[in-house]
$ cat entry_0.txt   # compact mmCIF, C-alpha atoms
# COMPACT_ATOMS: atom_id res chain seq x y z
CA MET A 1 -69.20 319.24 225.68
CA LYS A 2 -67.99 322.74 226.52
CA ARG A 3 -68.49 324.11 230.01
CA SER A 4 -70.93 326.78 228.74
CA GLU A 5 -73.01 324.14 226.93
CA GLU A 6 -73.00 321.95 230.03
CA ASN A 7 -74.15 324.87 232.18
CA ALA A 8 -76.94 325.64 229.71
CA TYR A 9 -77.97 321.96 229.78
CA ARG A 10 -78.06 321.92 233.59
CA GLU A 11 -80.10 325.13 233.71
CA TYR A 12 -82.60 323.78 231.17
CA VAL A 13 -83.02 320.44 232.92
CA THR A 14 -83.33 322.06 236.35
CA ALA A 15 -85.99 324.48 235.10
CA ARG A 16 -88.04 321.76 233.32
CA MET A 17 -87.60 318.79 235.65
CA GLU A 18 -90.97 319.05 237.45
CA THR A 19 -92.90 319.58 234.21
CA MET A 20 -91.21 316.54 232.65
CA ARG A 21 -91.95 314.49 235.79
CA ARG A 22 -95.64 315.43 235.88
CA THR A 23 -96.05 314.77 232.15
CA ALA A 24 -94.33 311.40 232.51
CA TYR A 25 -96.57 310.56 235.48
CA LEU A 26 -99.71 311.35 233.49
CA LEU A 27 -98.49 309.03 230.76
CA CYS A 28 -97.43 306.07 232.90
CA ARG A 29 -99.32 306.66 236.19
CA ASP A 30 -96.40 305.57 238.38
CA TRP A 31 -93.96 308.00 240.00
CA HIS A 32 -91.06 305.52 239.93
CA THR A 33 -91.55 304.79 236.25
CA ALA A 34 -92.01 308.51 235.60
CA ASP A 35 -88.64 309.17 237.23
CA ASP A 36 -87.09 306.45 235.05
CA LEU A 37 -88.62 307.97 231.93
CA VAL A 38 -87.34 311.43 232.81
CA SER A 39 -83.90 310.04 233.55
CA ILE A 40 -83.73 308.29 230.19
CA THR A 41 -85.05 311.39 228.43
CA ILE A 42 -82.52 313.76 229.98
CA SER A 43 -79.75 311.28 229.12
CA LYS A 44 -80.88 311.39 225.49
CA LEU A 45 -81.02 315.16 225.70
CA TYR A 46 -77.47 315.31 227.07
CA ARG A 47 -76.16 313.22 224.17
CA HIS A 48 -77.76 315.57 221.62
CA TRP A 49 -77.45 318.86 223.51
CA ALA A 50 -74.79 320.30 221.20
CA ARG A 51 -77.22 319.93 218.29
CA VAL A 52 -80.56 320.81 219.92
CA GLY A 53 -79.57 323.01 222.86
CA ALA A 54 -79.64 326.26 220.94
CA THR A 55 -82.79 325.57 218.91
CA PRO A 56 -86.08 327.26 219.79
CA GLY A 57 -87.97 323.93 219.64
CA ILE A 58 -86.14 322.30 222.53
CA ASP A 59 -89.30 321.83 224.61
CA ALA A 60 -90.97 320.03 221.72
CA TYR A 61 -87.88 317.84 221.30
CA VAL A 62 -87.94 316.90 224.99
CA ARG A 63 -91.69 316.15 224.98
CA LYS A 64 -91.27 313.97 221.90
CA ALA A 65 -88.30 312.15 223.45
CA LEU A 66 -90.27 311.63 226.68
CA LEU A 67 -93.29 310.28 224.81
CA ARG A 68 -91.21 307.95 222.66
CA THR A 69 -89.35 306.71 225.73
CA TRP A 70 -92.68 305.93 227.41
CA LEU A 71 -94.00 304.12 224.33
CA ASP A 72 -90.76 302.08 224.18
CA GLU A 73 -91.10 301.19 227.86
CA LYS A 74 -94.75 300.12 227.35
CA ARG A 75 -93.54 297.52 224.86
CA ARG A 76 -91.14 295.91 227.34
CA PRO A 77 -92.52 292.64 228.74
CA TRP A 78 -91.56 293.33 232.37
CA ARG A 79 -93.65 296.52 232.33
CA ARG A 80 -96.87 294.57 231.82
CA GLU A 81 -98.03 294.34 235.41
CA GLN A 82 -101.29 292.86 236.53
CA ALA A 83 -103.62 294.92 238.72
CA THR A 84 -105.02 293.32 241.84
CA GLU A 85 -108.74 292.95 242.32
CA MET A 86 -108.78 293.68 246.05
CA LEU A 87 -108.02 297.17 247.27
CA PRO A 88 -107.03 297.83 250.88
CA GLU A 89 -109.89 299.10 252.97
CA LEU A 90 -109.92 302.72 254.08
CA THR A 91 -109.87 303.37 257.81
CA GLY A 92 -112.25 306.01 259.10
CA LEU A 93 -114.17 308.55 257.07
CA PRO A 94 -112.25 310.48 254.43
CA THR A 95 -111.70 314.19 254.95
CA ALA A 96 -112.57 316.84 252.37
CA ALA A 97 -108.95 316.88 251.17
CA GLU A 98 -109.00 313.11 250.68
CA PHE A 99 -112.16 313.43 248.56
CA ALA A 100 -110.25 315.68 246.15
CA VAL A 101 -107.49 313.07 245.93
CA VAL A 102 -110.00 310.28 245.40
CA SER A 103 -111.56 312.24 242.52
CA ARG A 104 -108.13 312.86 241.05
CA ALA A 105 -107.29 309.19 241.48
CA GLN A 106 -110.47 308.24 239.64
CA LEU A 107 -109.51 310.53 236.79
CA LEU A 108 -106.05 308.96 236.66
CA ASP A 109 -107.65 305.50 236.63
CA LEU A 110 -109.81 306.59 233.71
CA LEU A 111 -106.74 307.91 231.88
CA ASP A 112 -104.98 304.64 232.63
CA GLY A 113 -107.77 302.78 230.83
CA LEU A 114 -107.06 304.50 227.52
CA PRO A 115 -104.82 302.90 224.90
CA PRO A 116 -101.30 304.41 224.90
CA ARG A 117 -101.55 306.56 221.75
CA ARG A 118 -105.01 307.83 222.67
CA ARG A 119 -103.80 308.67 226.19
CA ALA A 120 -100.75 310.41 224.70
CA ALA A 121 -102.99 312.51 222.45
CA VAL A 122 -105.23 313.53 225.38
CA VAL A 123 -102.28 314.34 227.67
CA LEU A 124 -100.38 316.31 225.03
CA ARG A 125 -103.45 318.26 223.89
CA LEU A 126 -105.12 318.94 227.24
CA TYR A 127 -102.38 318.79 229.89
CA CYS A 128 -99.42 320.09 227.87
CA ASP A 129 -101.74 322.46 225.96
CA LEU A 130 -100.14 321.68 222.61
CA SER A 131 -101.78 322.48 219.31
CA VAL A 132 -103.09 319.73 217.07
CA GLU A 133 -100.14 320.29 214.73
CA GLU A 134 -97.56 320.08 217.52
CA THR A 135 -99.16 316.92 218.87
CA ALA A 136 -99.23 315.37 215.40
CA GLU A 137 -95.54 316.10 214.96
CA ILE A 138 -94.64 314.53 218.31
CA LEU A 139 -96.78 311.45 217.71
CA GLY A 140 -95.63 311.13 214.11
CA CYS A 141 -99.13 311.03 212.68
CA SER A 142 -101.54 313.26 210.76
CA VAL A 143 -103.54 316.15 212.19
CA GLY A 144 -106.75 314.21 211.55
CA THR A 145 -105.45 311.26 213.55
CA VAL A 146 -104.70 313.54 216.51
CA LYS A 147 -108.20 315.02 216.32
CA SER A 148 -109.89 311.63 216.17
CA GLN A 149 -107.68 310.09 218.87
CA THR A 150 -108.32 313.05 221.19
CA ALA A 151 -112.07 313.01 220.52
CA ARG A 152 -112.32 309.24 221.03
CA GLY A 153 -110.20 309.47 224.16
CA LEU A 154 -112.44 312.17 225.63
CA ASP A 155 -115.57 310.22 224.69
CA THR A 156 -114.16 307.13 226.41
CA LEU A 157 -113.30 309.17 229.51
CA ARG A 158 -116.79 310.70 229.64
CA THR A 159 -118.49 307.32 229.21
CA LYS A 160 -116.39 305.62 231.87
CA ALA A 161 -116.79 308.58 234.26
CA ALA A 162 -120.58 308.42 233.88
CA ARG A 163 -120.49 304.71 234.78
CA THR A 164 -118.52 305.32 237.98
CA ASP A 165 -120.88 308.06 239.28
$ encode --input "entry_0.txt" --output "structure tokens"
Amino acid sequence: MKRSEENAYREYVTARMETMRRTAYLLCRDWHTADDLVSITISKLYRHWARVGATPGIDAYVRKALLRTWLDEKRRPWRREQATEMLPELTGLPTAAEFAVVSRAQLLDLLDGLPPRRRAAVVLRLYCDLSVEETAEILGCSVGTVKSQTARGLDTLRTKAARTD
């Protein structure tokens, strides 16, 4: 890779690192795994930078690579962890700031309960603010599938949120 291409790659990755990390976290719900996913994704990007670095759709390429990396990781047997039934008890009364985190944590738990493709559709459509067509291209499915997966995902989130209130 030429020095100018390598500099362009570094600039791109530096500028997009936090967005990739947050997107990966929303998909997998674990910061360590999110860092692993981003690392794998930027390695893939480095290998193909000469081909995709100058294209206008580079962000879409990276999102698609990140999503596919996450789906591949979900299939690995050592990633199937079991949740514990007992949570540690909180000490003292929570502050107002902790209430906001608890609400956010509940939302993340709800997202975690969605099947992977449905969660991917919801995250790509609502968090990444992608169009139905862009989401369909990344997921490799039809526009109708994206619409139904997003609608079903949101219905599931609403139903589960109503139960926890």
$ residues_around --input "entry_0.txt" --residues "A:Leu157" --least-positions-apart "3" --cutoff "12 Å" --atoms "all atoms listed in the file" --output "list in words"
Gln106, Leu107, Leu108, Asp109, Leu110, Leu111, Asp112, Gly113, Leu114, Pro115, Arg118, Arg119, Val122, Thr150, Ala151, Arg152, Gly153, Leu154, Lys160, Ala161, Ala162, Arg163 and Thr164 of chain A
$ closest_residue --input "entry_0.txt" --among "A:Thr69, A:Thr41, A:Thr19, A:Asn7" --to "A:Leu139" --atoms "only C-alpha atoms"
A:Thr69
$ closest_residue --input "entry_0.txt" --among "A:Val146, A:Arg117, A:Lys2, A:Glu137" --to "A:Ala50" --atoms "all atoms listed in the file"
A:Lys2
$ closest_residue --input "entry_0.txt" --among "A:Glu73, A:Ala60, A:Gly53, A:Val143" --to "A:Ala8" --atoms "all atoms listed in the file"
A:Gly53
$ atom_distance --input "entry_0.txt" --atom1 "atom CA of A:Trp31" --atom2 "atom CA of A:Glu18"
11.7 Å
$ atom_distance --input "entry_0.txt" --atom1 "atom CA of A:Gly144" --atom2 "atom CA of A:Ile58"
24.7 Å
$ atom_distance --input "entry_0.txt" --atom1 "atom CA of A:Thr55" --atom2 "atom CA of A:Ser131"
19.2 Å
$ residues_around --input "entry_0.txt" --residues "A:Gly140" --least-positions-apart "3" --cutoff "12 Å" --atoms "all atoms listed in the file" --output "list in words"
Lys64, Ala65, Leu67, Arg68, Arg117, Ala120, Ala121, Val132, Glu133, Glu134, Thr135, Ala136, Glu137, Val143, Gly144, Thr145 and Val146 of chain A
$ closest_residue --input "entry_0.txt" --among "A:Ile40, A:Cys141, A:Ala54, A:Leu26" --to "A:Arg104" --atoms "all atoms listed in the file"
A:Leu26
$ axis_aligned_box --input "entry_0.txt" --around "stretch 48-56 of chain A" --padding-each-side "8 Å" --output "AutoDock Vina command-line options"
--center_x -80.4 --center_y 321.4 --center_z 220.9 --size_x 27.3 --size_y 27.7 --size_z 21.2
$ closest_residue --input "entry_0.txt" --among "A:Lys74, A:Leu27, A:Gln149, A:Trp49" --to "A:Arg10" --atoms "all atoms listed in the file"
A:Trp49
$ closest_residue --input "entry_0.txt" --among "A:Arg51, A:Asp35, A:Val62, A:Cys28" --to "A:Arg16" --atoms "all atoms listed in the file"
A:Val62
